[in-house]
Amino acid sequence: MHKLFQRRVINSFGKVHFTQRIETNGTKRTQVTSKSIVKKLLDFCEIKTFRRKQYKNNEFPEVKLPKFIKKLPQPAILKFLKVIFSADGSISISVRWHKRNKNWEIRRRIELTCKHPRLRNDFFEIIRKAGYSPRTSTENITLERKNDILRFSKDVRFISKIKVGGDSKNWKGFEKNQILDLAVKTLGFKKKKLEKFKSKKEIIDFLKSQIHPQRG
């Protein structure tokens, strides 16, 4: 993502100076400081600010997705989703014991995190326009349905080699596409396949053994 960002900025604005640092949570940050670039982007997007963080009075900045994004053709929308999910999205697979049915269940989630209510609504509408059935909360937009996971794996996916980070207990360090492919694979698992396992850890270890290196 960092290399892609640098290439796109240089292609659009010429040679610029980038700075990089590691945040306290371990996240790598690459940025470029240029008033002229900011002004050009603001004018192009027809907005007044790129700030998304809440102000001290708990109000959010007046920011929204540019109009032209919502008018993009379907192939371009899917590429747009690929980028935003690669940057601010996640893929997770969790295991739980269903007390009533007395069996193990695998839960799969593709999520996009966005705390800004207007932006989250814009993202939600674009995802739905692309043919998915998302649900939304105060911070996330989530895809959990089988058809959504299958379509996302086929038509969107994540940018190659982007890895799971953050506070993921089981999947940190794996490529997001590896976990996405594993999520698709588990959709074909029969309930009996999990009956032999006695704990979540055993199942997670088994799932990790099903992950194969990504090509390319």
# chains A, B, ... in the order shown; residues from 1 in each chain; ligands from 1
call {"tool": "residues_around", "arguments": {"residues": "Lys200 in chain A", "least_positions_apart": "3", "cutoff": "7 Å", "atoms": "only C-alpha atoms", "output": "PyMOL selection string"}}
result
chain A and resi 95+203-204
call {"tool": "residues_around", "arguments": {"residues": "range 28-39 of chain A", "least_positions_apart": "6", "cutoff": "12 Å", "atoms": "only C-alpha atoms", "output": "ChimeraX atom specification"}}
result
/A:1-6,9-10,12-22,45-51,87,165-166
call {"tool": "write_last_selection", "arguments": {"atoms": "C-alpha atoms", "output": "PDB file, in the first residue's frame"}}
result
ATOM      1  CA  MET A   1       0.000   0.000   0.000  1.00  0.00           C
ATOM      2  CA  HIS A   2       2.832   2.406   0.841  1.00  0.00           C
ATOM      3  CA  LYS A   3       4.636   1.766  -2.460  1.00  0.00           C
ATOM      4  CA  LEU A   4       1.374   2.059  -4.382  1.00  0.00           C
ATOM      5  CA  PHE A   5       0.599   5.372  -2.646  1.00  0.00           C
ATOM      6  CA  GLN A   6       4.036   6.757  -3.498  1.00  0.00           C
ATOM      7  CA  VAL A   9       1.377  10.555  -5.934  1.00  0.00           C
ATOM      8  CA  ILE A  10       4.510  10.825  -8.107  1.00  0.00           C
ATOM      9  CA  SER A  12      -0.012  12.682 -10.458  1.00  0.00           C
ATOM     10  CA  PHE A  13       2.115  15.475  -8.995  1.00  0.00           C
ATOM     11  CA  GLY A  14       5.730  14.765  -9.940  1.00  0.00           C
ATOM     12  CA  LYS A  15       8.652  14.182  -7.616  1.00  0.00           C
ATOM     13  CA  VAL A  16       7.793  14.951  -3.980  1.00  0.00           C
ATOM     14  CA  HIS A  17       9.348  14.273  -0.587  1.00  0.00           C
ATOM     15  CA  PHE A  18       7.813  11.495   1.517  1.00  0.00           C
ATOM     16  CA  THR A  19       8.283  10.964   5.243  1.00  0.00           C
ATOM     17  CA  GLN A  20       7.728   7.690   7.058  1.00  0.00           C
ATOM     18  CA  ARG A  21       7.316   6.741  10.708  1.00  0.00           C
ATOM     19  CA  ILE A  22       6.006   3.961  12.876  1.00  0.00           C
ATOM     20  CA  CYS A  45     -13.115  16.444  -4.897  1.00  0.00           C
ATOM     21  CA  GLU A  46     -15.226  19.597  -4.349  1.00  0.00           C
ATOM     22  CA  ILE A  47     -14.872  19.445  -0.570  1.00  0.00           C
ATOM     23  CA  LYS A  48     -13.380  21.779   2.059  1.00  0.00           C
ATOM     24  CA  THR A  49     -11.394  19.350   4.215  1.00  0.00           C
ATOM     25  CA  PHE A  50     -10.030  15.805   4.356  1.00  0.00           C
ATOM     26  CA  ARG A  51     -10.253  15.695   8.160  1.00  0.00           C
ATOM     27  CA  ALA A  87      -6.586   0.209   3.614  1.00  0.00           C
ATOM     28  CA  GLY A 165      -2.497  -6.238  11.373  1.00  0.00           C
ATOM     29  CA  GLY A 166      -3.963  -4.485  14.372  1.00  0.00           C
TER      30      GLY A 166
END
call {"tool": "select_by_dssp", "arguments": {"residues": "range 9-214 of chain A", "states": "helix (DSSP H, G or I)", "output": "count of residues only"}}
result
83
call {"tool": "residues_around", "arguments": {"residues": "range 170-174 of chain A", "least_positions_apart": "4", "cutoff": "12 Å", "atoms": "only C-alpha atoms", "output": "JSON, numbers by chain"}}
result
{"A": [90, 91, 92, 93, 94, 95, 160, 161, 162, 163, 164, 165, 166, 178, 179, 180, 181, 182, 183, 200, 201, 203, 204, 205, 206, 207, 208, 211, 212, 213, 214]}
call {"tool": "closest_residue", "arguments": {"among": "A:Glu111, A:Glu202, A:Glu59, A:Glu195", "to": "Glu139 in chain A", "atoms": "only C-alpha atoms"}}
result
A:Glu111
call {"tool": "closest_residue", "arguments": {"among": "A:Asn101, A:Thr24, A:Asn57, A:Ser153", "to": "Val184 in chain A", "atoms": "only C-alpha atoms"}}
result
A:Ser153
call {"tool": "closest_residue", "arguments": {"among": "A:Lys115, A:Lys102, A:Lys196, A:Arg8", "to": "Lys53 in chain A", "atoms": "only C-alpha atoms"}}
result
A:Lys115
call {"tool": "residues_around", "arguments": {"residues": "Leu143 in chain A", "least_positions_apart": "3", "cutoff": "10 Å", "atoms": "only C-alpha atoms", "output": "PyMOL selection string"}}
result
chain A and resi 91+108-112+127+132-136+140+146-149+152
call {"tool": "write_last_selection", "arguments": {"atoms": "N, CA and C atoms", "output": "PDB file, in the first residue's frame"}}
result
ATOM      1  N   ILE A  91     -10.502  -8.802   7.389  1.00  0.00           N
ATOM      2  CA  ILE A  91     -11.132 -10.101   7.159  1.00  0.00           C
ATOM      3  C   ILE A  91     -10.817 -10.959   8.381  1.00  0.00           C
ATOM      4  N   ARG A 108     -17.470 -15.870   9.598  1.00  0.00           N
ATOM      5  CA  ARG A 108     -16.596 -15.150   8.690  1.00  0.00           C
ATOM      6  C   ARG A 108     -17.084 -13.711   8.552  1.00  0.00           C
ATOM      7  N   ARG A 109     -16.153 -12.768   8.600  1.00  0.00           N
ATOM      8  CA  ARG A 109     -16.525 -11.355   8.522  1.00  0.00           C
ATOM      9  C   ARG A 109     -15.550 -10.569   7.651  1.00  0.00           C
ATOM     10  N   ILE A 110     -16.114  -9.787   6.757  1.00  0.00           N
ATOM     11  CA  ILE A 110     -15.341  -8.786   6.031  1.00  0.00           C
ATOM     12  C   ILE A 110     -15.873  -7.440   6.509  1.00  0.00           C
ATOM     13  N   GLU A 111     -14.989  -6.606   7.061  1.00  0.00           N
ATOM     14  CA  GLU A 111     -15.445  -5.353   7.655  1.00  0.00           C
ATOM     15  C   GLU A 111     -14.673  -4.154   7.127  1.00  0.00           C
ATOM     16  N   LEU A 112     -15.368  -3.032   7.047  1.00  0.00           N
ATOM     17  CA  LEU A 112     -14.762  -1.751   6.718  1.00  0.00           C
ATOM     18  C   LEU A 112     -15.022  -0.826   7.902  1.00  0.00           C
ATOM     19  N   ILE A 127     -21.322   0.212  -1.452  1.00  0.00           N
ATOM     20  CA  ILE A 127     -21.217  -1.245  -1.322  1.00  0.00           C
ATOM     21  C   ILE A 127     -22.536  -1.911  -1.704  1.00  0.00           C
ATOM     22  N   TYR A 132     -24.020  -5.870  -2.991  1.00  0.00           N
ATOM     23  CA  TYR A 132     -23.831  -6.591  -1.734  1.00  0.00           C
ATOM     24  C   TYR A 132     -24.944  -6.260  -0.740  1.00  0.00           C
ATOM     25  N   SER A 133     -24.993  -7.026   0.327  1.00  0.00           N
ATOM     26  CA  SER A 133     -26.021  -6.831   1.363  1.00  0.00           C
ATOM     27  C   SER A 133     -25.327  -6.542   2.701  1.00  0.00           C
ATOM     28  N   PRO A 134     -24.756  -5.348   2.852  1.00  0.00           N
ATOM     29  CA  PRO A 134     -24.017  -5.031   4.072  1.00  0.00           C
ATOM     30  C   PRO A 134     -24.937  -4.674   5.232  1.00  0.00           C
ATOM     31  N   ARG A 135     -24.404  -4.760   6.421  1.00  0.00           N
ATOM     32  CA  ARG A 135     -25.075  -4.200   7.592  1.00  0.00           C
ATOM     33  C   ARG A 135     -24.098  -3.237   8.243  1.00  0.00           C
ATOM     34  N   THR A 136     -24.621  -2.263   8.976  1.00  0.00           N
ATOM     35  CA  THR A 136     -23.770  -1.222   9.517  1.00  0.00           C
ATOM     36  C   THR A 136     -23.982  -1.035  11.003  1.00  0.00           C
ATOM     37  N   ASN A 140     -18.548   0.230  11.929  1.00  0.00           N
ATOM     38  CA  ASN A 140     -18.192  -0.727  10.881  1.00  0.00           C
ATOM     39  C   ASN A 140     -19.305  -0.977   9.877  1.00  0.00           C
ATOM     40  N   LYS A 146     -23.028 -15.579   2.873  1.00  0.00           N
ATOM     41  CA  LYS A 146     -22.242 -16.473   2.034  1.00  0.00           C
ATOM     42  C   LYS A 146     -22.029 -15.906   0.640  1.00  0.00           C
ATOM     43  N   ASN A 147     -23.097 -15.440   0.009  1.00  0.00           N
ATOM     44  CA  ASN A 147     -22.982 -14.909  -1.353  1.00  0.00           C
ATOM     45  C   ASN A 147     -22.088 -13.676  -1.416  1.00  0.00           C
ATOM     46  N   ASP A 148     -22.148 -12.846  -0.364  1.00  0.00           N
ATOM     47  CA  ASP A 148     -21.313 -11.647  -0.326  1.00  0.00           C
ATOM     48  C   ASP A 148     -19.835 -12.008  -0.230  1.00  0.00           C
ATOM     49  N   ILE A 149     -19.521 -12.986   0.611  1.00  0.00           N
ATOM     50  CA  ILE A 149     -18.129 -13.416   0.767  1.00  0.00           C
ATOM     51  C   ILE A 149     -17.600 -14.026  -0.529  1.00  0.00           C
ATOM     52  N   PHE A 152     -17.221 -11.160  -3.093  1.00  0.00           N
ATOM     53  CA  PHE A 152     -16.087 -10.308  -2.737  1.00  0.00           C
ATOM     54  C   PHE A 152     -14.771 -10.993  -3.100  1.00  0.00           C
TER      55      PHE A 152
END
call {"tool": "decode", "arguments": {"residues": "range 185-212 of chain A", "atoms": "N, CA and C atoms", "output": "JSON list (two decimals), in the first residue's frame"}}
result
[["chain", "number", "residue", "atom", "x", "y", "z"],
["A", 185, "LYS", "N", -13.06, -21.27, 1.61],
["A", 185, "LYS", "CA", -12.87, -22.71, 1.75],
["A", 185, "LYS", "C", -13.73, -23.28, 2.87],
["A", 186, "THR", "N", -13.83, -22.56, 3.98],
["A", 186, "THR", "CA", -14.60, -23.06, 5.12],
["A", 186, "THR", "C", -16.10, -23.08, 4.84],
["A", 187, "LEU", "N", -16.54, -22.33, 3.84],
["A", 187, "LEU", "CA", -17.96, -22.35, 3.48],
["A", 187, "LEU", "C", -18.39, -23.73, 3.02],
["A", 188, "GLY", "N", -17.42, -24.51, 2.55],
["A", 188, "GLY", "CA", -17.73, -25.86, 2.08],
["A", 188, "GLY", "C", -17.57, -26.93, 3.14],
["A", 189, "PHE", "N", -17.17, -26.53, 4.35],
["A", 189, "PHE", "CA", -17.00, -27.52, 5.42],
["A", 189, "PHE", "C", -18.35, -28.04, 5.90],
["A", 190, "LYS", "N", -18.42, -29.35, 6.12],
["A", 190, "LYS", "CA", -19.60, -29.95, 6.72],
["A", 190, "LYS", "C", -19.47, -29.89, 8.24],
["A", 191, "LYS", "N", -20.59, -29.88, 8.94],
["A", 191, "LYS", "CA", -20.57, -29.82, 10.40],
["A", 191, "LYS", "C", -19.76, -30.96, 11.00],
["A", 192, "LYS", "N", -19.84, -32.12, 10.40],
["A", 192, "LYS", "CA", -19.13, -33.29, 10.93],
["A", 192, "LYS", "C", -17.62, -33.10, 10.90],
["A", 193, "LYS", "N", -17.14, -32.21, 10.01],
["A", 193, "LYS", "CA", -15.70, -32.01, 9.87],
["A", 193, "LYS", "C", -15.10, -31.42, 11.15],
["A", 194, "LEU", "N", -15.94, -30.75, 11.94],
["A", 194, "LEU", "CA", -15.44, -30.09, 13.15],
["A", 194, "LEU", "C", -15.76, -30.87, 14.42],
["A", 195, "GLU", "N", -16.49, -31.96, 14.30],
["A", 195, "GLU", "CA", -16.92, -32.70, 15.49],
["A", 195, "GLU", "C", -15.76, -33.29, 16.28],
["A", 196, "LYS", "N", -14.66, -33.62, 15.63],
["A", 196, "LYS", "CA", -13.53, -34.27, 16.30],
["A", 196, "LYS", "C", -12.72, -33.32, 17.18],
["A", 197, "PHE", "N", -12.93, -32.01, 17.00],
["A", 197, "PHE", "CA", -12.15, -31.04, 17.76],
["A", 197, "PHE", "C", -12.79, -30.75, 19.11],
["A", 198, "LYS", "N", -11.93, -30.55, 20.12],
["A", 198, "LYS", "CA", -12.42, -30.35, 21.48],
["A", 198, "LYS", "C", -12.30, -28.90, 21.96],
["A", 199, "SER", "N", -11.59, -28.06, 21.21],
["A", 199, "SER", "CA", -11.43, -26.68, 21.65],
["A", 199, "SER", "C", -11.30, -25.74, 20.45],
["A", 200, "LYS", "N", -11.48, -24.44, 20.72],
["A", 200, "LYS", "CA", -11.32, -23.44, 19.66],
["A", 200, "LYS", "C", -9.90, -23.46, 19.12],
["A", 201, "LYS", "N", -8.94, -23.61, 20.02],
["A", 201, "LYS", "CA", -7.54, -23.60, 19.61],
["A", 201, "LYS", "C", -7.24, -24.71, 18.61],
["A", 202, "GLU", "N", -7.80, -25.89, 18.86],
["A", 202, "GLU", "CA", -7.58, -27.00, 17.94],
["A", 202, "GLU", "C", -8.12, -26.67, 16.55],
["A", 203, "ILE", "N", -9.28, -26.02, 16.52],
["A", 203, "ILE", "CA", -9.89, -25.67, 15.24],
["A", 203, "ILE", "C", -9.09, -24.58, 14.54],
["A", 204, "ILE", "N", -8.66, -23.57, 15.30],
["A", 204, "ILE", "CA", -7.86, -22.50, 14.72],
["A", 204, "ILE", "C", -6.56, -23.06, 14.15],
["A", 205, "ASP", "N", -5.92, -23.96, 14.90],
["A", 205, "ASP", "CA", -4.68, -24.58, 14.42],
["A", 205, "ASP", "C", -4.92, -25.37, 13.14],
["A", 206, "PHE", "N", -6.07, -26.05, 13.09],
["A", 206, "PHE", "CA", -6.44, -26.79, 11.88],
["A", 206, "PHE", "C", -6.65, -25.83, 10.71],
["A", 207, "LEU", "N", -7.35, -24.72, 10.96],
["A", 207, "LEU", "CA", -7.60, -23.75, 9.90],
["A", 207, "LEU", "C", -6.30, -23.15, 9.37],
["A", 208, "LYS", "N", -5.38, -22.86, 10.27],
["A", 208, "LYS", "CA", -4.08, -22.32, 9.85],
["A", 208, "LYS", "C", -3.33, -23.31, 8.95],
["A", 209, "SER", "N", -3.54, -24.61, 9.22],
["A", 209, "SER", "CA", -2.87, -25.63, 8.40],
["A", 209, "SER", "C", -3.45, -25.68, 6.99],
["A", 210, "GLN", "N", -4.62, -25.08, 6.79],
["A", 210, "GLN", "CA", -5.26, -25.07, 5.48],
["A", 210, "GLN", "C", -4.87, -23.87, 4.63],
["A", 211, "ILE", "N", -4.07, -22.96, 5.20],
["A", 211, "ILE", "CA", -3.66, -21.76, 4.48],
["A", 211, "ILE", "C", -2.46, -22.08, 3.59],
["A", 212, "HIS", "N", -2.57, -21.65, 2.37],
["A", 212, "HIS", "CA", -1.48, -21.88, 1.40],
["A", 212, "HIS", "C", -0.87, -20.55, 0.97]]
